[in-house]
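Structure data (PDB, C-alpha atoms) from run_20.pdb:
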ATOM      1  CA  MET A   1       0.000   0.000   0.000
ATOM      2  CA  MET A   2       1.441   3.391  -1.011
ATOM      3  CA  SER A   3       1.432   6.235   1.489
ATOM      4  CA  ASN A   4       0.066   9.650   0.576
ATOM      5  CA  SER A   5       3.086  11.396   2.032
ATOM      6  CA  PHE A   6       6.532  11.145   0.483
ATOM      7  CA  SER A   7       9.877  12.677   1.301
ATOM      8  CA  SER A   8      11.297  14.849  -1.454
ATOM      9  CA  SER A   9      14.010  12.259  -2.111
ATOM     10  CA  SER A  10      11.527   9.406  -2.546
ATOM     11  CA  PRO A  11      11.924   7.660  -5.929
ATOM     12  CA  GLN A  12       8.210   6.877  -5.811
ATOM     13  CA  ARG A  13       7.399  10.572  -5.703
ATOM     14  CA  LYS A  14       9.622  11.275  -8.709
ATOM     15  CA  ARG A  15       7.869   8.571 -10.706
ATOM     16  CA  GLN A  16       4.480   9.875  -9.663
ATOM     17  CA  ARG A  17       5.286  13.435 -10.705
ATOM     18  CA  GLY A  18       6.264  12.302 -14.165
ATOM     19  CA  SER A  19       3.378   9.909 -14.512
ATOM     20  CA  GLY A  20       0.806  11.096 -17.029
ATOM     21  CA  SER A  21      -1.560   8.327 -16.016
ATOM     22  CA  SER A  22      -1.474   9.459 -12.402
ATOM     23  CA  ARG A  23      -2.250  13.059 -13.400
ATOM     24  CA  ALA A  24      -5.060  11.815 -15.624
ATOM     25  CA  ALA A  25      -6.474   9.751 -12.749
ATOM     26  CA  ASN A  26      -6.376  12.797 -10.467
ATOM     27  CA  ARG A  27      -8.074  14.914 -13.151
ATOM     28  CA  ARG A  28     -10.815  12.265 -13.584
ATOM     29  CA  GLN A  29     -11.398  12.202  -9.848
ATOM     30  CA  ALA A  30     -11.683  15.997  -9.750
ATOM     31  CA  LEU A  31     -14.248  16.173 -12.567
ATOM     32  CA  PRO A  32     -17.913  16.247 -11.613
ATOM     33  CA  ILE A  33     -19.977  13.199 -12.567
ATOM     34  CA  VAL A  34     -23.048  13.701 -14.727
ATOM     35  CA  ASN A  35     -25.675  11.003 -15.327
ATOM     36  CA  GLU A  36     -27.311  10.977 -18.756
ATOM     37  CA  THR A  37     -30.130   8.803 -20.053
ATOM     38  CA  SER A  38     -30.824   8.184 -23.730
ATOM     39  CA  ALA A  39     -33.097   5.940 -25.756
ATOM     40  CA  GLY A  40     -33.248   4.635 -29.302
ATOM     41  CA  GLY A  41     -32.911   1.335 -30.994
ATOM     42  CA  ALA A  42     -33.290  -0.844 -34.023
ATOM     43  CA  ILE A  43     -36.042   0.449 -36.294
ATOM     44  CA  VAL A  44     -36.957  -2.369 -38.626
ATOM     45  CA  LYS A  45     -38.909  -2.688 -41.851
ATOM     46  CA  VAL A  46     -39.646  -6.017 -43.511
ATOM     47  CA  ARG A  47     -39.877  -6.311 -47.294
ATOM     48  CA  ASP A  48     -40.286  -9.625 -49.114
ATOM     49  CA  GLY A  49     -39.395 -11.559 -45.967
ATOM     50  CA  GLN A  50     -36.141  -9.614 -45.421
ATOM     51  CA  ALA A  51     -35.728  -7.338 -42.386
ATOM     52  CA  TYR A  52     -33.840  -4.054 -42.781
ATOM     53  CA  VAL A  53     -32.503  -1.816 -40.004
ATOM     54  CA  ALA A  54     -32.087   1.956 -40.383
ATOM     55  CA  VAL A  55     -28.623   3.091 -39.295
ATOM     56  CA  ILE A  56     -27.115   6.547 -39.197
ATOM     57  CA  ALA A  57     -23.595   7.813 -39.797
ATOM     58  CA  ARG A  58     -22.225  10.569 -37.605
ATOM     59  CA  ARG A  59     -18.827  11.907 -36.621
ATOM     60  CA  ASN A  60     -17.278  10.738 -33.382
ATOM     61  CA  ARG A  61     -15.302  13.065 -31.100
ATOM     62  CA  GLY A  62     -12.219  12.348 -33.194
ATOM     63  CA  GLY A  63     -13.951  13.367 -36.427
ATOM     64  CA  ARG A  64     -14.244   9.834 -37.859
ATOM     65  CA  LEU A  65     -17.531   8.790 -39.499
ATOM     66  CA  GLU A  66     -19.199   5.965 -37.539
ATOM     67  CA  TRP A  67     -22.374   4.020 -38.260
ATOM     68  CA  CYS A  68     -24.672   3.510 -35.295
ATOM     69  CA  LEU A  69     -28.240   2.991 -34.182
ATOM     70  CA  PRO A  70     -30.305   6.153 -33.743
ATOM     71  CA  LYS A  71     -30.604   7.353 -30.142
ATOM     72  CA  GLY A  72     -30.707  10.495 -28.046
ATOM     73  CA  HIS A  73     -31.546  12.136 -24.738
ATOM     74  CA  LEU A  74     -34.903  11.997 -23.050
ATOM     75  CA  GLU A  75     -36.649  15.385 -23.054
ATOM     76  CA  GLY A  76     -38.857  16.744 -20.288
ATOM     77  CA  GLU A  77     -41.149  14.088 -18.832
ATOM     78  CA  GLU A  78     -40.673  11.645 -21.738
ATOM     79  CA  THR A  79     -40.473   7.949 -21.030
ATOM     80  CA  ALA A  80     -37.623   5.991 -22.600
ATOM     81  CA  PRO A  81     -39.938   4.358 -25.207
ATOM     82  CA  GLU A  82     -41.370   7.773 -26.164
ATOM     83  CA  ALA A  83     -37.881   9.222 -26.503
ATOM     84  CA  ALA A  84     -36.793   6.241 -28.628
ATOM     85  CA  VAL A  85     -39.639   6.803 -31.108
ATOM     86  CA  ARG A  86     -38.979  10.578 -31.234
ATOM     87  CA  GLU A  87     -35.201  10.238 -31.620
ATOM     88  CA  ILE A  88     -35.549   7.591 -34.326
ATOM     89  CA  ARG A  89     -37.995   9.838 -36.224
ATOM     90  CA  GLU A  90     -35.718  12.888 -35.882
ATOM     91  CA  GLU A  91     -32.544  11.051 -36.874
ATOM     92  CA  THR A  92     -33.921   8.808 -39.637
ATOM     93  CA  GLY A  93     -37.193  10.357 -40.833
ATOM     94  CA  ILE A  94     -39.029   7.115 -39.998
ATOM     95  CA  HIS A  95     -41.994   7.009 -37.617
ATOM     96  CA  GLY A  96     -42.353   3.777 -35.692
ATOM     97  CA  ARG A  97     -43.850   2.037 -32.709
ATOM     98  CA  VAL A  98     -42.022   0.192 -29.977
ATOM     99  CA  LEU A  99     -42.491  -3.567 -30.116
ATOM    100  CA  ARG A 100     -40.320  -4.451 -27.121
ATOM    101  CA  HIS A 101     -37.294  -3.542 -25.056
ATOM    102  CA  LEU A 102     -34.060  -5.087 -26.362
ATOM    103  CA  ALA A 103     -31.351  -4.022 -23.922
ATOM    104  CA  THR A 104     -30.082  -1.318 -21.632
ATOM    105  CA  ILE A 105     -26.398  -0.510 -21.787
ATOM    106  CA  ASP A 106     -24.301   1.856 -19.744
ATOM    107  CA  TYR A 107     -20.841   3.246 -20.170
ATOM    108  CA  TRP A 108     -18.566   6.059 -19.023
ATOM    109  CA  PHE A 109     -16.749   8.744 -20.955
ATOM    110  CA  SER A 110     -14.936  11.955 -20.058
ATOM    111  CA  GLY A 111     -15.207  15.395 -21.539
ATOM    112  CA  ASN A 112     -13.031  18.394 -20.713
ATOM    113  CA  ASP A 113     -15.222  19.443 -17.804
ATOM    114  CA  ARG A 114     -17.004  16.298 -16.590
ATOM    115  CA  ARG A 115     -17.229  12.515 -16.435
ATOM    116  CA  VAL A 116     -20.428  11.126 -17.877
ATOM    117  CA  HIS A 117     -22.202   7.944 -16.866
ATOM    118  CA  LYS A 118     -24.518   7.227 -19.783
ATOM    119  CA  VAL A 119     -27.420   4.775 -19.756
ATOM    120  CA  VAL A 120     -29.030   3.951 -23.108
ATOM    121  CA  HIS A 121     -32.315   2.043 -23.468
ATOM    122  CA  HIS A 122     -32.625   0.223 -26.809
ATOM    123  CA  TYR A 123     -35.913  -0.952 -28.307
ATOM    124  CA  LEU A 124     -37.068  -3.014 -31.240
ATOM    125  CA  VAL A 125     -39.179  -0.547 -33.234
ATOM    126  CA  GLU A 126     -41.472  -1.328 -36.158
ATOM    127  CA  ALA A 127     -41.256   1.160 -39.049
ATOM    128  CA  LEU A 128     -44.725   2.512 -39.850
ATOM    129  CA  SER A 129     -44.184   5.438 -42.214
ATOM    130  CA  GLY A 130     -41.727   8.052 -43.439
ATOM    131  CA  VAL A 131     -38.808   8.471 -45.797
ATOM    132  CA  LEU A 132     -35.149   8.169 -44.812
ATOM    133  CA  THR A 133     -33.609  11.581 -44.177
ATOM    134  CA  VAL A 134     -31.229  13.264 -41.743
ATOM    135  CA  GLU A 135     -32.728  16.694 -42.468
ATOM    136  CA  ASN A 136     -35.101  16.600 -39.458
ATOM    137  CA  ASP A 137     -32.384  16.067 -36.844
ATOM    138  CA  PRO A 138     -32.392  19.218 -34.679
ATOM    139  CA  ASP A 139     -28.820  18.465 -33.561
ATOM    140  CA  GLN A 140     -27.622  17.952 -37.160
ATOM    141  CA  GLU A 141     -25.408  15.064 -35.995
ATOM    142  CA  GLY A 142     -26.319  12.581 -38.687
ATOM    143  CA  GLU A 143     -24.636  12.828 -42.068
ATOM    144  CA  LYS A 144     -26.177   9.749 -43.703
ATOM    145  CA  VAL A 145     -28.963   7.266 -43.056
ATOM    146  CA  GLU A 146     -29.515   3.928 -44.793
ATOM    147  CA  TRP A 147     -31.625   0.786 -44.636
ATOM    148  CA  VAL A 148     -29.245  -2.167 -44.219
ATOM    149  CA  PRO A 149     -30.269  -5.850 -44.294
ATOM    150  CA  ILE A 150     -30.373  -7.093 -40.700
ATOM    151  CA  ASP A 151     -27.959  -9.937 -41.494
ATOM    152  CA  LYS A 152     -25.365  -7.423 -42.783
ATOM    153  CA  VAL A 153     -25.843  -4.498 -40.405
ATOM    154  CA  SER A 154     -23.461  -5.794 -37.729
ATOM    155  CA  SER A 155     -20.472  -5.388 -40.036
ATOM    156  CA  ARG A 156     -21.455  -1.740 -40.511
ATOM    157  CA  LEU A 157     -21.989  -0.776 -36.853
ATOM    158  CA  ALA A 158     -19.064   0.791 -34.995
ATOM    159  CA  TYR A 159     -19.885  -0.413 -31.481
ATOM    160  CA  PRO A 160     -19.886  -4.027 -30.251
ATOM    161  CA  ASN A 161     -22.792  -3.424 -27.870
ATOM    162  CA  GLU A 162     -24.960  -2.206 -30.778
ATOM    163  CA  ARG A 163     -23.968  -5.281 -32.815
ATOM    164  CA  ARG A 164     -25.194  -7.444 -29.913
ATOM    165  CA  ILE A 165     -28.461  -5.471 -29.765
ATOM    166  CA  VAL A 166     -29.090  -6.002 -33.489
ATOM    167  CA  GLY A 167     -28.261  -9.689 -33.023
ATOM    168  CA  LYS A 168     -30.921  -9.884 -30.344
ATOM    169  CA  ALA A 169     -33.437  -8.154 -32.668
ATOM    170  CA  ARG A 170     -32.573 -10.606 -35.457
ATOM    171  CA  LYS A 171     -33.110 -13.551 -33.123
ATOM    172  CA  ILE A 172     -36.519 -12.173 -32.070
ATOM    173  CA  LEU A 173     -37.573 -11.600 -35.685
ATOM    174  CA  TYR A 174     -36.246 -14.829 -37.192
ATOM    175  CA  GLY A 175     -36.018 -17.104 -34.160
ATOM    176  CA  LYS A 176     -32.370 -17.903 -34.851
TER
END

Before we go any further, please render this structure as structure tokens.
Amino acid sequence: MMSNSFSSSSPQRKRQRGSGSSRAANRRQALPIVNETSAGGAIVKVRDGQAYVAVIARRNRGGRLEWCLPKGHLEGEETAPEAAVREIREETGIHGRVLRHLATIDYWFSGNDRRVHKVVHHYLVEALSGVLTVENDPDQEGEKVEWVPIDKVSSRLAYPNERRIVGKARKILYGK
């Protein structure tokens, strides 16, 4: 166990001073924690026995284009299913109805001024009407939106947890 007090000649203190990871850990501890809740999911249309999932492309913090499932923050007194339907409509142009809950994931990330604990509720959503477009997204995050066959969408998605969610949707729809 390392003591919090060191003499100025302590080699441990010299290593700690030069340690970027230690400074980063101290910075993380000093940042306030913010909890965020989002909702979205796999919006699916079926044509000729083939299921398609609408996915969006947006830039990550590093500026790289990533394909993902539509999702966003809950607003006001919205429930997670209501937010999922609204966010999917805003980000894809497709209006749908929630069929069932697929999964809830949570993860952490850090910004310059805070650490965020994010919880995202994902739903299986049936496409009812609309035309694919990113023009209705008030945040203008999406650059592209496409229908992708459900058996090919996993290779397009950037995040492993979203690939698992689509796999669960596929299993529900096809029983395999």

TODO: Would you write out, as an NGL selection string, every residue that the PyMOL selection byres ((chain A and resi 44) around 6) captures in this file?
DONE: :A and (43 or 45 or 52-53 or 126-127)

Open item on the list: What would the selection look like, as a list of chain:residue names, if the PyMOL selection byres ((chain A and resi 61-70) around 8) were run on the coordinates I just shared?
Closed with: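 In the shown coordinates, the PyMOL selection byres ((chain A and resi 61-70) around 8) covers A:Gly40, A:Gly41, A:Ala42, A:Ala54, A:Val55, A:Ile56, A:Ala57, A:Arg58, A:Arg59, A:Asn60, A:Lys71, A:Gly72, A:Glu87, A:Ile88, A:Glu91, A:Thr92, A:Arg156, A:Leu157, A:Ala158, A:Tyr159, A:Glu162.
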
Write to file, as a PDB file, in the coordinates of the input, the residues of the selection just made, with C-alpha atoms.
ATOM      1  CA  GLY A  40     -33.248   4.635 -29.302  1.00  0.00           C
ATOM      2  CA  GLY A  41     -32.911   1.335 -30.994  1.00  0.00           C
ATOM      3  CA  ALA A  42     -33.290  -0.844 -34.023  1.00  0.00           C
ATOM      4  CA  ALA A  54     -32.087   1.956 -40.383  1.00  0.00           C
ATOM      5  CA  VAL A  55     -28.623   3.091 -39.295  1.00  0.00           C
ATOM      6  CA  ILE A  56     -27.115   6.547 -39.197  1.00  0.00           C
ATOM      7  CA  ALA A  57     -23.595   7.813 -39.797  1.00  0.00           C
ATOM      8  CA  ARG A  58     -22.225  10.569 -37.605  1.00  0.00           C
ATOM      9  CA  ARG A  59     -18.827  11.907 -36.621  1.00  0.00           C
ATOM     10  CA  ASN A  60     -17.278  10.738 -33.382  1.00  0.00           C
ATOM     11  CA  LYS A  71     -30.604   7.353 -30.142  1.00  0.00           C
ATOM     12  CA  GLY A  72     -30.707  10.495 -28.046  1.00  0.00           C
ATOM     13  CA  GLU A  87     -35.201  10.238 -31.620  1.00  0.00           C
ATOM     14  CA  ILE A  88     -35.549   7.591 -34.326  1.00  0.00           C
ATOM     15  CA  GLU A  91     -32.544  11.051 -36.874  1.00  0.00           C
ATOM     16  CA  THR A  92     -33.921   8.808 -39.637  1.00  0.00           C
ATOM     17  CA  ARG A 156     -21.455  -1.740 -40.511  1.00  0.00           C
ATOM     18  CA  LEU A 157     -21.989  -0.776 -36.853  1.00  0.00           C
ATOM     19  CA  ALA A 158     -19.064   0.791 -34.995  1.00  0.00           C
ATOM     20  CA  TYR A 159     -19.885  -0.413 -31.481  1.00  0.00           C
ATOM     21  CA  GLU A 162     -24.960  -2.206 -30.778  1.00  0.00           C
TER      22      GLU A 162
END

Open item on the list: Taking the file as I've supplied it (selection: the PyMOL selection byres ((chain A and resi 107) around 9)), which residues are included? Please answer as an NGL selection string.
Closed with: :A and (105-106 or 108-109 or 116-120)

Open item on the list: From the options A:Gly76, A:Asp137, A:Ile94, A:Pro149, which residue's atoms come nearest to Asp48 of chain A, counting only C-alpha atoms?
Closed with: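 Of A:Gly76, A:Asp137, A:Ile94, A:Pro149, the one nearest Asp48 of chain A, counting only C-alpha atoms, is A:Pro149.
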
Task: atom CA of Lys152 of chain A to atom CA of Ile165 of chain A, distance in Å rounded to a single decimal - done: 13.5 Å

TODO: Rounded to one decimal place, report the atom CA of Arg47 of chain A-atom CA of Arg163 of chain A distance in Å.
DONE: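 So the two atoms, atom CA of Arg47 of chain A and atom CA of Arg163 of chain A, lie 21.5 Å apart.
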
- [ ] May I ask which of the residues A:Val46, A:Val125, A:Val34, A:Val145 is the closest one to Leu99 of chain A, counting all atoms listed in the file?
- [x]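 Smallest separation from Leu99 of chain A among the options: A:Val125.
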
Task: Distance criterion (only C-alpha atoms): nearest to Ile33 of chain A out of A:Arg114, A:Val98, A:Ile150, A:Ser155 - done: A:Arg114

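If all atoms listed in the file are the atoms counted, then among A:His121, A:Ser110, A:Val153, A:Gln140 the closest residue to Glu90 of chain A is A:Gln140.
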
Open item on the list: Would you compute the distance between atom CA of Glu135 of chain A and atom CA of Arg97 of chain A? Give it in Å to one decimal.
Closed with: 20.8 Å

Open item on the list: Using all atoms listed in the file, can you tell me which of A:Pro81, A:Gly49, A:Gly111, A:Pro32 comes closest to Gly96 of chain A?
Closed with: A:Pro81

For segment 118-129 of chain A of the block above, can you save all heavy atoms as an mmCIF file, in the first residue's frame?
data_model
loop_
_atom_site.group_PDB
_atom_site.id
_atom_site.type_symbol
_atom_site.label_atom_id
_atom_site.label_comp_id
_atom_site.auth_asym_id
_atom_site.auth_seq_id
_atom_site.Cartn_x
_atom_site.Cartn_y
_atom_site.Cartn_z
ATOM 1 N N LYS A 118 -23.411 7.231 -18.825
ATOM 2 C CA LYS A 118 -24.518 7.227 -19.783
ATOM 3 C C LYS A 118 -25.236 5.890 -19.744
ATOM 4 O O LYS A 118 -24.604 4.845 -19.779
ATOM 5 C CB LYS A 118 -23.980 7.486 -21.192
ATOM 6 C CG LYS A 118 -25.061 7.585 -22.229
ATOM 7 C CD LYS A 118 -24.821 8.772 -23.090
ATOM 8 C CE LYS A 118 -25.951 8.977 -24.037
ATOM 9 N NZ LYS A 118 -25.765 10.157 -24.804
ATOM 10 N N VAL A 119 -26.559 5.947 -19.690
ATOM 11 C CA VAL A 119 -27.420 4.775 -19.756
ATOM 12 C C VAL A 119 -28.268 4.928 -21.010
ATOM 13 O O VAL A 119 -28.873 5.983 -21.227
ATOM 14 C CB VAL A 119 -28.325 4.671 -18.509
ATOM 15 C CG1 VAL A 119 -29.299 3.509 -18.643
ATOM 16 C CG2 VAL A 119 -27.482 4.536 -17.248
ATOM 17 N N VAL A 120 -28.275 3.901 -21.854
ATOM 18 C CA VAL A 120 -29.030 3.951 -23.108
ATOM 19 C C VAL A 120 -29.984 2.762 -23.170
ATOM 20 O O VAL A 120 -29.555 1.614 -23.083
ATOM 21 C CB VAL A 120 -28.107 3.942 -24.348
ATOM 22 C CG1 VAL A 120 -28.924 4.127 -25.624
ATOM 23 C CG2 VAL A 120 -27.031 5.016 -24.244
ATOM 24 N N HIS A 121 -31.275 3.058 -23.330
ATOM 25 C CA HIS A 121 -32.315 2.043 -23.468
ATOM 26 C C HIS A 121 -32.569 1.824 -24.959
ATOM 27 O O HIS A 121 -32.868 2.779 -25.674
ATOM 28 C CB HIS A 121 -33.606 2.497 -22.786
ATOM 29 C CG HIS A 121 -33.422 2.824 -21.341
ATOM 30 N ND1 HIS A 121 -33.324 1.854 -20.369
ATOM 31 C CD2 HIS A 121 -33.280 4.015 -20.707
ATOM 32 C CE1 HIS A 121 -33.160 2.441 -19.188
ATOM 33 N NE2 HIS A 121 -33.124 3.747 -19.374
ATOM 34 N N HIS A 122 -32.427 0.567 -25.394
ATOM 35 C CA HIS A 122 -32.625 0.223 -26.809
ATOM 36 C C HIS A 122 -33.891 -0.611 -26.977
ATOM 37 O O HIS A 122 -34.139 -1.534 -26.207
ATOM 38 C CB HIS A 122 -31.428 -0.577 -27.336
ATOM 39 C CG HIS A 122 -30.188 0.238 -27.474
ATOM 40 N ND1 HIS A 122 -29.914 0.982 -28.585
ATOM 41 C CD2 HIS A 122 -29.161 0.432 -26.625
ATOM 42 C CE1 HIS A 122 -28.747 1.595 -28.421
ATOM 43 N NE2 HIS A 122 -28.285 1.279 -27.237
ATOM 44 N N TYR A 123 -34.640 -0.287 -28.032
ATOM 45 C CA TYR A 123 -35.913 -0.952 -28.307
ATOM 46 C C TYR A 123 -35.934 -1.499 -29.725
ATOM 47 O O TYR A 123 -35.256 -0.977 -30.610
ATOM 48 C CB TYR A 123 -37.077 0.041 -28.137
ATOM 49 C CG TYR A 123 -37.190 0.534 -26.724
ATOM 50 C CD1 TYR A 123 -36.495 1.657 -26.303
ATOM 51 C CD2 TYR A 123 -37.958 -0.157 -25.793
ATOM 52 C CE1 TYR A 123 -36.567 2.089 -24.987
ATOM 53 C CE2 TYR A 123 -38.041 0.270 -24.472
ATOM 54 C CZ TYR A 123 -37.341 1.392 -24.086
ATOM 55 O OH TYR A 123 -37.410 1.806 -22.781
ATOM 56 N N LEU A 124 -36.731 -2.525 -29.905
ATOM 57 C CA LEU A 124 -37.068 -3.014 -31.240
ATOM 58 C C LEU A 124 -38.280 -2.194 -31.668
ATOM 59 O O LEU A 124 -39.300 -2.188 -30.972
ATOM 60 C CB LEU A 124 -37.402 -4.506 -31.204
ATOM 61 C CG LEU A 124 -37.845 -5.137 -32.522
ATOM 62 C CD1 LEU A 124 -36.781 -4.982 -33.607
ATOM 63 C CD2 LEU A 124 -38.170 -6.614 -32.293
ATOM 64 N N VAL A 125 -38.152 -1.481 -32.785
ATOM 65 C CA VAL A 125 -39.179 -0.547 -33.234
ATOM 66 C C VAL A 125 -39.607 -0.918 -34.643
ATOM 67 O O VAL A 125 -38.767 -1.103 -35.532
ATOM 68 C CB VAL A 125 -38.652 0.910 -33.190
ATOM 69 C CG1 VAL A 125 -39.718 1.895 -33.655
ATOM 70 C CG2 VAL A 125 -38.160 1.263 -31.780
ATOM 71 N N GLU A 126 -40.911 -1.023 -34.845
ATOM 72 C CA GLU A 126 -41.472 -1.328 -36.158
ATOM 73 C C GLU A 126 -41.632 -0.030 -36.952
ATOM 74 O O GLU A 126 -42.241 0.924 -36.471
ATOM 75 C CB GLU A 126 -42.844 -1.985 -35.994
ATOM 76 C CG GLU A 126 -43.544 -2.251 -37.303
ATOM 77 C CD GLU A 126 -44.968 -2.747 -37.112
ATOM 78 O OE1 GLU A 126 -45.544 -2.589 -36.016
ATOM 79 O OE2 GLU A 126 -45.504 -3.302 -38.091
ATOM 80 N N ALA A 127 -41.101 -0.005 -38.167
ATOM 81 C CA ALA A 127 -41.256 1.160 -39.049
ATOM 82 C C ALA A 127 -42.689 1.202 -39.564
ATOM 83 O O ALA A 127 -43.191 0.204 -40.087
ATOM 84 C CB ALA A 127 -40.275 1.074 -40.210
ATOM 85 N N LEU A 128 -43.349 2.362 -39.404
ATOM 86 C CA LEU A 128 -44.725 2.512 -39.850
ATOM 87 C C LEU A 128 -44.854 3.411 -41.082
ATOM 88 O O LEU A 128 -45.651 3.145 -41.964
ATOM 89 C CB LEU A 128 -45.593 3.086 -38.715
ATOM 90 C CG LEU A 128 -45.685 2.244 -37.450
ATOM 91 C CD1 LEU A 128 -46.469 2.990 -36.380
ATOM 92 C CD2 LEU A 128 -46.319 0.888 -37.752
ATOM 93 N N SER A 129 -44.083 4.493 -41.100
ATOM 94 C CA SER A 129 -44.184 5.438 -42.214
ATOM 95 C C SER A 129 -42.942 6.323 -42.249
ATOM 96 O O SER A 129 -42.139 6.306 -41.327
ATOM 97 C CB SER A 129 -45.440 6.311 -42.071
ATOM 98 O OG SER A 129 -45.355 7.086 -40.885
#
